[in-house]
$ cat protein34.txt   # compact mmCIF, C-alpha atoms and all ligand atoms
# COMPACT_ATOMS: atom_id res chain seq x y z
CA MET A 906 -14.10 -85.50 76.32
CA ILE A 907 -13.68 -82.11 74.66
CA GLY A 908 -16.84 -80.00 74.73
CA TYR A 909 -18.08 -76.71 73.41
CA ALA A 910 -19.01 -73.69 75.47
CA ASP A 911 -22.73 -73.40 76.16
CA ARG A 912 -22.99 -70.32 73.96
CA LEU A 913 -21.84 -72.31 70.96
CA GLU A 914 -24.41 -75.00 71.62
CA LYS A 915 -27.09 -72.30 71.60
CA LEU A 916 -26.27 -71.25 68.03
CA PRO A 917 -28.62 -72.52 65.33
CA PRO A 918 -26.96 -73.71 62.10
CA TYR A 919 -25.84 -70.88 59.83
CA ILE A 920 -28.15 -71.53 56.93
CA PHE A 921 -25.98 -69.81 54.33
CA ALA A 922 -23.14 -72.22 55.06
CA ASP A 923 -25.58 -75.11 54.48
CA LEU A 924 -26.74 -73.57 51.23
CA GLU A 925 -23.16 -73.13 50.04
CA ARG A 926 -22.48 -76.80 50.79
CA ILE A 927 -25.59 -78.06 48.97
CA GLN A 928 -24.76 -75.85 46.04
CA SER A 929 -21.19 -77.07 45.79
CA ASP A 930 -22.34 -80.73 46.07
CA LEU A 931 -24.75 -80.21 43.18
CA THR A 932 -22.12 -78.43 41.10
CA GLN A 933 -19.72 -81.33 41.65
CA LYS A 934 -22.41 -83.66 40.37
CA GLY A 935 -22.50 -81.61 37.19
CA VAL A 936 -25.84 -79.84 37.86
CA ASP A 937 -26.03 -76.41 36.21
CA ILE A 938 -26.86 -74.31 39.23
CA ILE A 939 -28.47 -70.88 39.04
CA SER A 940 -27.70 -69.33 42.39
CA LEU A 941 -30.19 -66.75 43.56
CA GLY A 942 -29.34 -67.64 47.14
CA ILE A 943 -26.48 -65.75 48.72
CA GLY A 944 -26.32 -61.96 48.44
CA ASP A 945 -22.93 -61.84 46.76
CA PRO A 946 -22.93 -59.53 43.74
CA ASP A 947 -21.75 -60.92 40.39
CA LEU A 948 -21.08 -57.42 39.00
CA PRO A 949 -17.42 -56.36 38.85
CA THR A 950 -15.55 -54.22 41.34
CA PRO A 951 -14.95 -50.81 39.69
CA ARG A 952 -11.63 -50.63 37.84
CA VAL A 953 -10.46 -47.55 39.73
CA ILE A 954 -10.60 -49.59 42.95
CA ILE A 955 -8.73 -52.54 41.48
CA GLU A 956 -6.03 -50.24 40.10
CA SER A 957 -5.74 -48.56 43.47
CA LEU A 958 -5.36 -51.95 45.15
CA LYS A 959 -2.56 -52.93 42.76
CA ASN A 960 -0.71 -49.67 43.35
CA ALA A 961 -1.23 -49.93 47.11
CA LEU A 962 0.45 -53.33 47.15
CA ALA A 963 3.66 -51.63 46.08
CA GLU A 964 3.46 -48.89 48.73
CA PRO A 965 6.07 -49.11 51.47
CA GLY A 966 4.60 -50.78 54.55
CA SER A 967 1.67 -52.25 52.65
CA SER A 968 2.40 -55.71 54.03
CA ASN A 969 2.67 -54.54 57.64
CA TYR A 970 0.01 -54.57 60.31
CA SER A 971 -2.58 -51.85 60.22
CA THR A 972 -4.50 -50.99 63.37
CA SER A 973 -7.87 -52.43 64.34
CA ALA A 974 -9.41 -48.95 64.24
CA GLY A 975 -8.22 -48.43 60.66
CA GLU A 976 -5.72 -46.10 58.99
CA GLU A 977 -6.29 -42.40 59.47
CA TYR A 978 -6.66 -41.79 55.70
CA PHE A 979 -9.35 -44.46 55.51
CA ARG A 980 -11.33 -43.00 58.42
CA THR A 981 -10.99 -39.55 56.86
CA SER A 982 -12.34 -40.84 53.54
CA VAL A 983 -15.30 -42.41 55.36
CA ALA A 984 -16.03 -39.14 57.19
CA GLU A 985 -15.79 -37.14 53.98
CA TRP A 986 -18.08 -39.60 52.18
CA TYR A 987 -20.65 -39.25 54.97
CA ARG A 988 -20.47 -35.48 54.69
CA ARG A 989 -21.03 -35.46 50.95
CA ARG A 990 -23.52 -38.32 50.80
CA PHE A 991 -25.66 -37.60 53.87
CA GLY A 992 -24.61 -34.16 55.10
CA VAL A 993 -23.47 -35.83 58.35
CA THR A 994 -20.34 -34.45 60.05
CA LEU A 995 -18.09 -37.05 61.69
CA ASP A 996 -14.79 -36.78 63.52
CA PRO A 997 -12.56 -39.40 61.82
CA ASP A 998 -10.71 -40.04 65.10
CA SER A 999 -13.54 -40.56 67.53
CA GLU A 1000 -16.62 -41.27 65.41
CA VAL A 1001 -15.34 -43.67 62.73
CA CYS A 1002 -13.95 -47.21 63.02
CA ALA A 1003 -12.82 -49.48 60.18
CA LEU A 1004 -14.36 -52.96 60.11
CA ILE A 1005 -13.40 -56.27 58.53
CA GLY A 1006 -16.74 -56.12 56.74
CA SER A 1007 -19.77 -54.70 58.52
CA LYS A 1008 -20.68 -58.21 59.74
CA GLU A 1009 -17.63 -58.15 62.01
CA GLY A 1010 -18.72 -54.86 63.58
CA LEU A 1011 -22.35 -55.96 63.96
CA ALA A 1012 -21.11 -59.02 65.83
CA ASN A 1013 -18.55 -57.21 67.96
CA VAL A 1014 -20.91 -54.44 69.03
CA GLY A 1015 -22.65 -57.07 71.18
CA ARG A 1016 -19.42 -57.47 73.13
CA VAL A 1017 -19.32 -53.70 73.63
CA VAL A 1018 -22.79 -53.24 75.06
CA LEU A 1019 -24.23 -56.51 76.35
CA ASN A 1020 -23.55 -58.19 79.68
CA PRO A 1021 -24.55 -61.84 80.12
CA GLY A 1022 -28.33 -61.98 80.52
CA ASP A 1023 -28.92 -58.59 78.89
CA LYS A 1024 -31.41 -58.34 76.04
CA ALA A 1025 -31.04 -57.14 72.46
CA LEU A 1026 -34.02 -56.26 70.31
CA LEU A 1027 -33.94 -57.46 66.74
CA PRO A 1028 -36.23 -57.50 63.73
CA ASN A 1029 -38.08 -60.64 62.66
CA PRO A 1030 -37.43 -61.17 59.81
CA GLY A 1031 -33.86 -59.90 59.97
CA TYR A 1032 -30.20 -60.57 59.22
CA PRO A 1033 -29.20 -63.51 61.47
CA VAL A 1034 -25.97 -61.98 62.78
CA TYR A 1035 -27.87 -59.66 65.16
CA ALA A 1036 -29.31 -62.60 67.10
CA GLN A 1037 -26.47 -65.04 66.79
CA GLY A 1038 -23.05 -63.49 66.18
CA SER A 1039 -23.85 -60.46 68.30
CA THR A 1040 -26.34 -61.42 71.00
CA ILE A 1041 -26.01 -65.16 71.68
CA LEU A 1042 -22.23 -65.07 71.41
CA SER A 1043 -22.29 -62.30 74.04
CA ASP A 1044 -24.27 -64.60 76.38
CA ALA A 1045 -27.20 -62.23 76.00
CA ILE A 1046 -30.82 -62.84 75.05
CA PRO A 1047 -32.27 -62.06 71.61
CA VAL A 1048 -35.77 -60.55 71.79
CA VAL A 1049 -37.46 -60.23 68.44
CA PHE A 1050 -39.90 -57.59 67.28
CA ASN A 1051 -42.19 -58.27 64.35
CA LEU A 1052 -41.98 -56.69 60.95
CA THR A 1053 -45.19 -58.06 59.61
CA ASN A 1054 -47.09 -55.04 58.31
CA GLU A 1055 -47.11 -54.26 54.61
CA SER A 1056 -44.11 -51.94 54.78
CA PHE A 1057 -42.13 -54.13 57.20
CA GLN A 1058 -41.72 -51.32 59.76
CA PRO A 1059 -41.51 -51.83 63.53
CA ASP A 1060 -44.51 -51.20 65.73
CA LEU A 1061 -42.72 -49.45 68.59
CA GLY A 1062 -45.72 -49.64 70.89
CA ASN A 1063 -45.42 -53.42 70.89
CA ILE A 1064 -41.69 -53.74 71.50
CA PRO A 1065 -41.07 -55.05 75.01
CA VAL A 1066 -38.38 -53.17 76.96
CA ASP A 1067 -37.21 -53.75 80.51
CA GLY A 1068 -34.18 -52.89 82.63
CA ARG A 1069 -32.06 -55.55 80.89
CA THR A 1070 -32.76 -54.32 77.36
CA LYS A 1071 -29.65 -52.58 76.00
CA LEU A 1072 -29.56 -52.70 72.22
CA LEU A 1073 -31.87 -52.38 69.24
CA PHE A 1074 -30.86 -53.52 65.77
CA LEU A 1075 -32.55 -52.03 62.74
CA ASN A 1076 -31.78 -52.53 59.06
CA TYR A 1077 -33.02 -50.46 56.13
CA PRO A 1078 -32.85 -50.98 53.21
CA SER A 1079 -33.68 -54.38 54.58
CA ASN A 1080 -32.26 -57.76 53.98
CA PRO A 1081 -34.38 -59.81 53.41
CA THR A 1082 -37.53 -57.74 52.80
CA GLY A 1083 -36.15 -54.97 50.57
CA ALA A 1084 -38.20 -52.50 52.63
CA VAL A 1085 -36.83 -48.98 53.05
CA ALA A 1086 -36.83 -46.62 56.02
CA GLU A 1087 -39.43 -43.93 56.42
CA ARG A 1088 -38.07 -40.68 57.85
CA ASP A 1089 -40.85 -40.33 60.43
CA GLY A 1090 -40.24 -43.91 61.44
CA LEU A 1091 -36.54 -43.28 61.96
CA GLU A 1092 -37.30 -40.23 64.13
CA GLU A 1093 -39.61 -42.34 66.27
CA VAL A 1094 -37.01 -45.09 66.63
CA VAL A 1095 -34.33 -42.59 67.71
CA ASP A 1096 -36.75 -41.11 70.30
CA PHE A 1097 -37.64 -44.60 71.48
CA CYS A 1098 -33.98 -45.56 71.96
CA ALA A 1099 -33.20 -42.27 73.70
CA LYS A 1100 -36.18 -42.71 76.02
CA HIS A 1101 -35.22 -46.27 76.99
CA ASN A 1102 -31.44 -45.77 77.04
CA LEU A 1103 -30.91 -48.22 74.21
CA VAL A 1104 -28.01 -48.27 71.81
CA LEU A 1105 -29.40 -48.14 68.28
CA CYS A 1106 -27.37 -50.25 65.84
CA TYR A 1107 -28.47 -49.19 62.40
CA ASP A 1108 -27.37 -51.48 59.59
CA ASN A 1109 -27.14 -49.48 56.39
CA ALA A 1110 -25.19 -52.07 54.36
CA TYR A 1111 -27.47 -51.56 51.32
CA SER A 1112 -27.63 -47.77 51.42
CA GLU A 1113 -26.21 -47.44 47.91
CA ILE A 1114 -28.32 -50.11 46.19
CA SER A 1115 -31.48 -48.23 45.31
CA PHE A 1116 -33.57 -47.51 42.25
CA GLY A 1117 -35.14 -44.55 40.49
CA SER A 1118 -35.13 -41.39 42.55
CA TYR A 1119 -35.05 -43.19 45.90
CA ARG A 1120 -31.97 -42.42 48.03
CA SER A 1121 -31.55 -44.20 51.35
CA PRO A 1122 -31.03 -41.99 54.40
CA SER A 1123 -28.52 -42.38 57.21
CA VAL A 1124 -29.96 -42.65 60.69
CA LEU A 1125 -27.32 -40.10 61.72
CA GLN A 1126 -29.29 -37.46 59.81
CA ILE A 1127 -31.94 -37.68 62.50
CA ASP A 1128 -31.77 -35.19 65.42
CA GLY A 1129 -30.48 -36.86 68.55
CA ALA A 1130 -29.10 -39.94 66.73
CA MET A 1131 -25.47 -39.16 67.58
CA GLU A 1132 -26.42 -39.51 71.26
CA CYS A 1133 -27.54 -43.12 70.93
CA ALA A 1134 -26.83 -44.56 67.49
CA VAL A 1135 -24.04 -46.24 65.64
CA GLU A 1136 -24.41 -46.97 61.94
CA PHE A 1137 -22.78 -49.84 60.08
CA ASN A 1138 -21.98 -49.61 56.40
CA SER A 1139 -19.76 -51.42 54.01
CA CYS A 1140 -18.04 -51.37 50.65
CA SER A 1141 -19.26 -54.93 50.01
CA LYS A 1142 -22.45 -54.15 48.12
CA MET A 1143 -21.67 -50.52 47.30
CA PHE A 1144 -18.64 -51.47 45.17
CA ASN A 1145 -19.19 -55.21 44.63
CA MET A 1146 -16.24 -56.08 46.82
CA THR A 1147 -17.64 -58.54 49.36
CA GLY A 1148 -14.46 -60.62 49.41
CA TYR A 1149 -12.22 -57.65 50.23
CA ARG A 1150 -13.87 -57.49 53.69
CA VAL A 1151 -14.09 -53.77 54.30
CA GLY A 1152 -16.72 -51.87 56.20
CA PHE A 1153 -17.04 -49.12 58.78
CA ALA A 1154 -18.94 -48.15 61.90
CA VAL A 1155 -19.76 -44.49 62.48
CA GLY A 1156 -21.66 -42.49 65.06
CA ASN A 1157 -21.77 -42.21 68.84
CA SER A 1158 -18.19 -41.78 70.03
CA LYS A 1159 -18.63 -43.82 73.20
CA ILE A 1160 -19.78 -46.88 71.25
CA ILE A 1161 -17.11 -46.36 68.59
CA THR A 1162 -14.46 -46.13 71.33
CA GLY A 1163 -15.84 -49.32 72.89
CA LEU A 1164 -15.76 -51.07 69.52
CA LYS A 1165 -12.13 -50.08 69.03
CA LYS A 1166 -11.36 -51.40 72.52
CA VAL A 1167 -12.93 -54.79 71.77
CA LYS A 1168 -11.35 -55.01 68.33
CA ALA A 1169 -7.89 -54.14 69.68
CA GLN A 1170 -8.06 -57.39 71.67
CA ILE A 1171 -9.22 -59.47 68.72
CA ASP A 1172 -7.95 -58.27 65.35
CA SER A 1173 -5.14 -56.19 63.94
CA GLY A 1174 -7.18 -54.39 61.35
CA LEU A 1175 -7.76 -54.97 57.68
CA PRO A 1176 -4.91 -54.96 55.16
CA ARG A 1177 -3.59 -51.50 54.36
CA PHE A 1178 -3.88 -52.13 50.63
CA VAL A 1179 -7.58 -52.97 51.08
CA GLN A 1180 -8.14 -49.78 53.05
CA ARG A 1181 -6.37 -47.82 50.31
CA ALA A 1182 -8.54 -49.38 47.61
CA ALA A 1183 -11.75 -48.78 49.58
CA ALA A 1184 -10.71 -45.18 50.34
CA THR A 1185 -10.18 -44.64 46.59
CA GLY A 1186 -13.71 -45.90 45.96
CA LEU A 1187 -15.18 -43.56 48.57
CA ASP A 1188 -13.08 -40.60 47.37
CA ASN A 1189 -14.20 -41.12 43.77
CA TYR A 1190 -17.80 -41.99 44.56
CA PHE A 1191 -19.25 -38.71 43.36
CA ASP A 1192 -17.02 -38.40 40.31
CA PHE A 1193 -18.57 -38.84 36.90
CA ASP A 1194 -17.03 -42.19 35.94
CA LEU A 1195 -17.68 -44.04 39.15
CA SER A 1196 -21.14 -42.59 39.76
CA THR A 1197 -22.14 -43.44 36.17
CA GLU A 1198 -20.91 -47.01 36.61
CA HIS A 1199 -22.69 -47.24 39.94
CA ASN A 1200 -25.99 -45.97 38.52
CA LYS A 1201 -25.71 -48.42 35.62
CA ASN A 1202 -25.19 -51.29 38.03
CA ASN A 1203 -28.28 -50.30 39.96
CA GLU A 1204 -30.26 -50.17 36.70
CA ILE A 1205 -29.06 -53.69 35.90
CA LEU A 1206 -30.22 -54.91 39.31
CA LYS A 1207 -33.60 -53.23 38.89
CA GLU A 1208 -34.11 -54.83 35.49
CA ARG A 1209 -33.25 -58.23 36.94
CA LEU A 1210 -35.69 -57.74 39.80
CA GLU A 1211 -38.43 -56.77 37.36
CA THR A 1212 -37.68 -59.80 35.19
CA LEU A 1213 -38.00 -62.04 38.21
CA VAL A 1214 -41.21 -60.38 39.41
CA GLN A 1215 -42.80 -60.86 35.98
CA GLY A 1216 -41.58 -64.44 35.69
CA LEU A 1217 -42.90 -65.38 39.11
CA ARG A 1218 -46.22 -63.70 38.41
CA ALA A 1219 -46.60 -65.93 35.37
CA ILE A 1220 -46.46 -68.97 37.65
CA GLY A 1221 -48.83 -67.49 40.21
CA ILE A 1222 -46.39 -66.01 42.72
CA GLU A 1223 -46.84 -62.32 43.45
CA GLY A 1224 -43.91 -60.12 44.40
CA ARG A 1225 -43.15 -56.41 44.28
CA THR A 1226 -39.94 -54.86 42.96
CA PRO A 1227 -38.34 -53.19 46.00
CA LYS A 1228 -37.09 -49.60 46.06
CA ALA A 1229 -33.70 -50.80 47.25
CA THR A 1230 -31.47 -53.89 47.73
CA PHE A 1231 -31.06 -56.72 45.27
CA TYR A 1232 -33.50 -58.98 47.05
CA LEU A 1233 -36.96 -60.08 46.11
CA TRP A 1234 -38.94 -61.21 49.14
CA VAL A 1235 -42.01 -63.15 48.14
CA ASN A 1236 -44.74 -64.66 50.24
CA ILE A 1237 -45.53 -68.00 48.64
CA ARG A 1238 -48.25 -68.66 51.27
CA ALA A 1239 -46.78 -72.11 51.80
CA ASP A 1240 -43.79 -73.61 53.53
CA GLY A 1241 -40.78 -71.72 52.15
CA ALA A 1242 -38.26 -74.43 53.06
CA THR A 1243 -40.19 -77.11 51.10
CA PHE A 1244 -40.47 -74.75 48.16
CA VAL A 1245 -36.72 -74.09 48.20
CA LYS A 1246 -36.00 -77.84 48.23
CA GLU A 1247 -38.25 -78.26 45.16
CA LEU A 1248 -36.38 -75.41 43.48
CA LEU A 1249 -33.05 -77.07 44.20
CA LYS A 1250 -34.15 -80.15 42.28
CA LEU A 1251 -34.48 -77.82 39.28
CA GLY A 1252 -30.99 -76.41 39.87
CA VAL A 1253 -32.23 -73.07 41.24
CA VAL A 1254 -30.96 -71.90 44.61
CA ALA A 1255 -33.01 -69.48 46.72
CA THR A 1256 -33.08 -68.82 50.47
CA PRO A 1257 -35.98 -69.99 52.62
CA GLY A 1258 -37.44 -67.06 54.53
CA ILE A 1259 -37.24 -68.99 57.78
CA ALA A 1260 -33.49 -68.31 57.72
CA PHE A 1261 -34.39 -64.76 58.76
CA GLY A 1262 -36.77 -65.66 61.56
CA SER A 1263 -40.17 -67.24 62.15
CA ASN A 1264 -42.02 -64.46 60.32
CA GLY A 1265 -40.27 -65.58 57.16
CA ALA A 1266 -41.68 -69.13 57.26
CA THR A 1267 -43.91 -68.70 54.21
CA TYR A 1268 -41.44 -66.51 52.33
CA VAL A 1269 -38.59 -67.09 49.94
CA ARG A 1270 -35.77 -64.63 49.26
CA PHE A 1271 -34.30 -64.38 45.80
CA SER A 1272 -31.04 -62.53 45.32
CA VAL A 1273 -30.67 -61.18 41.78
CA THR A 1274 -26.95 -61.79 41.58
CA GLN A 1275 -27.14 -63.50 38.18
CA SER A 1276 -27.61 -62.05 34.71
CA THR A 1277 -31.10 -61.31 33.37
CA LYS A 1278 -30.63 -64.24 30.98
CA ARG A 1279 -29.91 -66.62 33.83
CA ILE A 1280 -32.87 -65.25 35.76
CA GLN A 1281 -35.08 -65.90 32.74
CA GLU A 1282 -33.69 -69.43 32.62
CA ALA A 1283 -34.43 -69.87 36.35
CA VAL A 1284 -38.00 -68.71 35.75
CA GLN A 1285 -38.33 -71.18 32.86
CA ARG A 1286 -37.24 -73.97 35.15
CA MET A 1287 -39.66 -72.80 37.83
CA ARG A 1288 -42.54 -73.26 35.42
CA LYS A 1289 -42.08 -76.96 36.07
CA LEU A 1290 -42.70 -76.37 39.77
CA ASP A 1291 -45.67 -78.00 41.29
CA LEU A 1292 -46.69 -75.37 43.83
CA ARG A 1293 -49.14 -77.80 45.38
CA LYS A 1294 -46.20 -79.72 46.86
CA ALA A 1295 -45.27 -76.70 48.94
CA ASN A 1296 -48.87 -75.76 49.62
CA PRO A 1297 -51.36 -78.63 49.52
CA SER A 1298 -54.24 -76.14 49.95
CA LEU A 1299 -53.52 -74.72 46.45
CA ARG A 1300 -55.62 -76.15 43.68
C1 LIG B 1401 -28.19 -56.66 56.24
C2 LIG B 1401 -26.75 -56.98 56.13
N1 LIG B 1401 -25.90 -56.38 56.95
C3 LIG B 1401 -24.58 -56.64 56.91
C4 LIG B 1401 -24.07 -57.54 56.02
C5 LIG B 1401 -22.60 -57.84 56.06
O1 LIG B 1401 -21.92 -57.41 54.95
P1 LIG B 1401 -20.36 -57.23 54.95
O2 LIG B 1401 -19.81 -57.92 56.17
O3 LIG B 1401 -19.89 -57.87 53.71
O4 LIG B 1401 -20.10 -55.76 55.03
C6 LIG B 1401 -24.91 -58.20 55.12
C7 LIG B 1401 -24.39 -59.18 54.16
O5 LIG B 1401 -25.05 -59.77 53.38
C8 LIG B 1401 -26.29 -57.91 55.19
O6 LIG B 1401 -27.16 -58.50 54.37
$ encode --input "protein34.txt" --output "structure tokens" --more "lines below"
Ligand SMILES: Cc1ncc(COP(=O)(O)O)c(C=O)c1O
Amino acid sequence: MIGYADRLEKLPPYIFADLERIQSDLTQKGVDIISLGIGDPDLPTPRVIIESLKNALAEPGSSNYSTSAGEEYFRTSVAEWYRRRFGVTLDPDSEVCALIGSKEGLANVGRVVLNPGDKALLPNPGYPVYAQGSTILSDAIPVVFNLTNESFQPDLGNIPVDGRTKLLFLNYPSNPTGAVAERDGLEEVVDFCAKHNLVLCYDNAYSEISFGSYRSPSVLQIDGAMECAVEFNSCSKMFNMTGYRVGFAVGNSKIITGLKKVKAQIDSGLPRFVQRAAATGLDNYFDFDLSTEHNKNNEILKERLETLVQGLRAIGIEGRTPKATFYLWVNIRADGATFVKELLKLGVVATPGIAFGSNGATYVRFSVTQSTKRIQEAVQRMRKLDLRKANPSLR
């Protein structure tokens, strides 16, 4: 009888795949679904990037293999973007690696650092790939730390570290909470990792989705970070190009070299035309047209978040518009999974907070990847919700 490796048996179901299946079943049955579940932007990829992709397809060699580390021009564009955006200087050869989406790099970094039985520290709630794709699939042990205070920041004094602890994952702006990093907090985390010889994997996938005057930092701006940290970022949310699969890892050269070593055994890089298109986006990021479009998109997301906050308030659910990300993380003070099932009956898809760890059990995450009109419609449907089903203690 054919069996799976133990590590595969240890993986919990990937909840987003389940949600996609339920959603497609309902759509096939003719239900008008409003999907506020998966974090996949509905806004268009900027035209300059699409044009660049089309032109790149005609470039000689565009259909040939790239390298797993990424084309030199792409790594140079990433380094230049980091310099202009964060004031961080990177060597494109030794401190930048292209990724097939940042998820790929976050998973593969486990292979770089963790031996079987080693421990990785990860936030609860947090993006599931840290525990599963990265840690469990490296035969290592996920150890969670709580983000339960009002600002969803780690309490370093309560994070258990021993001789087997090798890695710490951190993600701000945060999926799912929408919380943002505090500079003092980042300094403390870098000191903590340096003190305990931990590799800090900082997930900055939402760095460019922020509102008002708030601008997300890079952990590499912190003194000492280059000694212990690697940062993961992506064009997915920045340019609404999730399906292109293009991201990058930057930072500590030893980890970046290790990542390239692992990747060289697994993948042959992302398509050259995709790298060209992404490089065009990064090169034009600060130009008037693209930055205006980008700011407008962020304003649209903010308006949607505010619409949802107001709509939920009207039915007795309190939430706060985050400073960054397109997620609204609300504590419904009841079982989130039951609530989400009730929502599904109304044709509204949201993600139960438990998908991000036990601390999310009473939360629901809404992703504002639908128009304001559709969000208003979702809120209308939610008025029919009987909250007492999810929380019998409500009167
Ligand atoms: C926190 C976080 N990190 C990383 C990713 C991966 O994004 P991508 O692989 O598209 O770059 C996601 C995707 O939703 C995410 O939410």
$ residues_around --input "protein34.txt" --residues "Thr1277 of chain A" --least-positions-apart "2" --cutoff "10 Å" --atoms "only C-alpha atoms" --output "list in words"
Ile1205, Leu1206, Glu1208, Arg1209, Leu1210, Glu1211, Thr1212, Leu1213, Val1273, Thr1274, Gln1275, Arg1279, Ile1280, Gln1281, Glu1282 and Ala1283 of chain A
$ closest_residue --input "protein34.txt" --among "A:Asn1145, A:Thr1267, A:Ser957, A:Thr1070" --to "Glu1113 of chain A" --atoms "only C-alpha atoms"
A:Asn1145
$ residues_near_ligand --input "protein34.txt" --ligand "ligand LIG 1401 (chain B)" --cutoff "6 Å" --atoms "only C-alpha atoms and all ligand atoms" --output "ChimeraX atom specification"
/A:944,1006-1008,1032,1080,1108,1110,1139,1141,1147,1152
$ residues_around --input "protein34.txt" --residues "segment 1185-1196 of chain A" --least-positions-apart "2" --cutoff "9 Å" --atoms "all atoms listed in the file" --output "mmCIF file with C-alpha atoms, in the frame of the given file"
data_model
loop_
_atom_site.group_PDB
_atom_site.id
_atom_site.type_symbol
_atom_site.label_atom_id
_atom_site.label_comp_id
_atom_site.auth_asym_id
_atom_site.auth_seq_id
_atom_site.Cartn_x
_atom_site.Cartn_y
_atom_site.Cartn_z
ATOM 1 C CA PRO A 951 -14.950 -50.810 39.690
ATOM 2 C CA VAL A 953 -10.460 -47.550 39.730
ATOM 3 C CA ILE A 954 -10.600 -49.590 42.950
ATOM 4 C CA SER A 957 -5.740 -48.560 43.470
ATOM 5 C CA LEU A 958 -5.360 -51.950 45.150
ATOM 6 C CA PHE A 979 -9.350 -44.460 55.510
ATOM 7 C CA SER A 982 -12.340 -40.840 53.540
ATOM 8 C CA VAL A 983 -15.300 -42.410 55.360
ATOM 9 C CA GLU A 985 -15.790 -37.140 53.980
ATOM 10 C CA TRP A 986 -18.080 -39.600 52.180
ATOM 11 C CA ARG A 989 -21.030 -35.460 50.950
ATOM 12 C CA ARG A 990 -23.520 -38.320 50.800
ATOM 13 C CA CYS A 1140 -18.040 -51.370 50.650
ATOM 14 C CA PHE A 1144 -18.640 -51.470 45.170
ATOM 15 C CA GLN A 1180 -8.140 -49.780 53.050
ATOM 16 C CA ARG A 1181 -6.370 -47.820 50.310
ATOM 17 C CA ALA A 1182 -8.540 -49.380 47.610
ATOM 18 C CA ALA A 1183 -11.750 -48.780 49.580
ATOM 19 C CA GLU A 1198 -20.910 -47.010 36.610
ATOM 20 C CA HIS A 1199 -22.690 -47.240 39.940
ATOM 21 C CA ASN A 1200 -25.990 -45.970 38.520
ATOM 22 C CA LYS A 1201 -25.710 -48.420 35.620
#
$ closest_residue --input "protein34.txt" --among "A:Gly1090, A:Val1179, A:Ala984, A:Gly1252" --to "Gly1148 of chain A" --atoms "all atoms listed in the file"
A:Val1179
$ closest_residue --input "protein34.txt" --among "A:Ala1184, A:Phe1074, A:Arg980, A:Phe1271" --to "Ala961 of chain A" --atoms "all atoms listed in the file"
A:Ala1184
$ closest_residue --input "protein34.txt" --among "A:Val1245, A:Ile920, A:Val1014, A:Met1131" --to "Asp996 of chain A" --atoms "all atoms listed in the file"
A:Met1131
$ atom_distance --input "protein34.txt" --atom1 "atom CA of Val1253 of chain A" --atom2 "atom CA of Asp1240 of chain A"
16.9 Å
$ residues_around --input "protein34.txt" --residues "Gly992 of chain A" --least-positions-apart "5" --cutoff "12 Å" --atoms "only C-alpha atoms" --output "list of chain:residue names"
A:Ala984, A:Glu985, A:Trp986, A:Tyr987, A:Pro1122, A:Ser1123, A:Val1124, A:Leu1125, A:Gln1126, A:Ile1127
$ write_last_selection --input "protein34.txt" --atoms "C-alpha atoms" --output "mmCIF file, in the frame of the given file"
data_model
loop_
_atom_site.group_PDB
_atom_site.id
_atom_site.type_symbol
_atom_site.label_atom_id
_atom_site.label_comp_id
_atom_site.auth_asym_id
_atom_site.auth_seq_id
_atom_site.Cartn_x
_atom_site.Cartn_y
_atom_site.Cartn_z
ATOM 1 C CA ALA A 984 -16.030 -39.140 57.190
ATOM 2 C CA GLU A 985 -15.790 -37.140 53.980
ATOM 3 C CA TRP A 986 -18.080 -39.600 52.180
ATOM 4 C CA TYR A 987 -20.650 -39.250 54.970
ATOM 5 C CA PRO A 1122 -31.030 -41.990 54.400
ATOM 6 C CA SER A 1123 -28.520 -42.380 57.210
ATOM 7 C CA VAL A 1124 -29.960 -42.650 60.690
ATOM 8 C CA LEU A 1125 -27.320 -40.100 61.720
ATOM 9 C CA GLN A 1126 -29.290 -37.460 59.810
ATOM 10 C CA ILE A 1127 -31.940 -37.680 62.500
#
$ residues_around --input "protein34.txt" --residues "segment 1039-1045 of chain A" --least-positions-apart "2" --cutoff "8 Å" --atoms "all atoms listed in the file" --output "tab-separated table (two decimals) with C-alpha atoms, keeping the file's coordinate frame"
chain	number	residue	atom	x	y	z
A	912	ARG	CA	-22.99	-70.32	73.96
A	913	LEU	CA	-21.84	-72.31	70.96
A	915	LYS	CA	-27.09	-72.30	71.60
A	916	LEU	CA	-26.27	-71.25	68.03
A	1011	LEU	CA	-22.35	-55.96	63.96
A	1012	ALA	CA	-21.11	-59.02	65.83
A	1013	ASN	CA	-18.55	-57.21	67.96
A	1014	VAL	CA	-20.91	-54.44	69.03
A	1015	GLY	CA	-22.65	-57.07	71.18
A	1016	ARG	CA	-19.42	-57.47	73.13
A	1019	LEU	CA	-24.23	-56.51	76.35
A	1020	ASN	CA	-23.55	-58.19	79.68
A	1021	PRO	CA	-24.55	-61.84	80.12
A	1022	GLY	CA	-28.33	-61.98	80.52
A	1023	ASP	CA	-28.92	-58.59	78.89
A	1024	LYS	CA	-31.41	-58.34	76.04
A	1025	ALA	CA	-31.04	-57.14	72.46
A	1034	VAL	CA	-25.97	-61.98	62.78
A	1035	TYR	CA	-27.87	-59.66	65.16
A	1036	ALA	CA	-29.31	-62.60	67.10
A	1037	GLN	CA	-26.47	-65.04	66.79
A	1047	PRO	CA	-32.27	-62.06	71.61
$ residues_around --input "protein34.txt" --residues "Gly1262 of chain A" --least-positions-apart "4" --cutoff "7 Å" --atoms "all atoms listed in the file" --output "list in words"
Asn1029, Pro1030 and Gly1031 of chain A
$ atom_distance --input "protein34.txt" --atom1 "atom CA of Gly975 of chain A" --atom2 "atom CA of Glu1009 of chain A"
13.6 Å
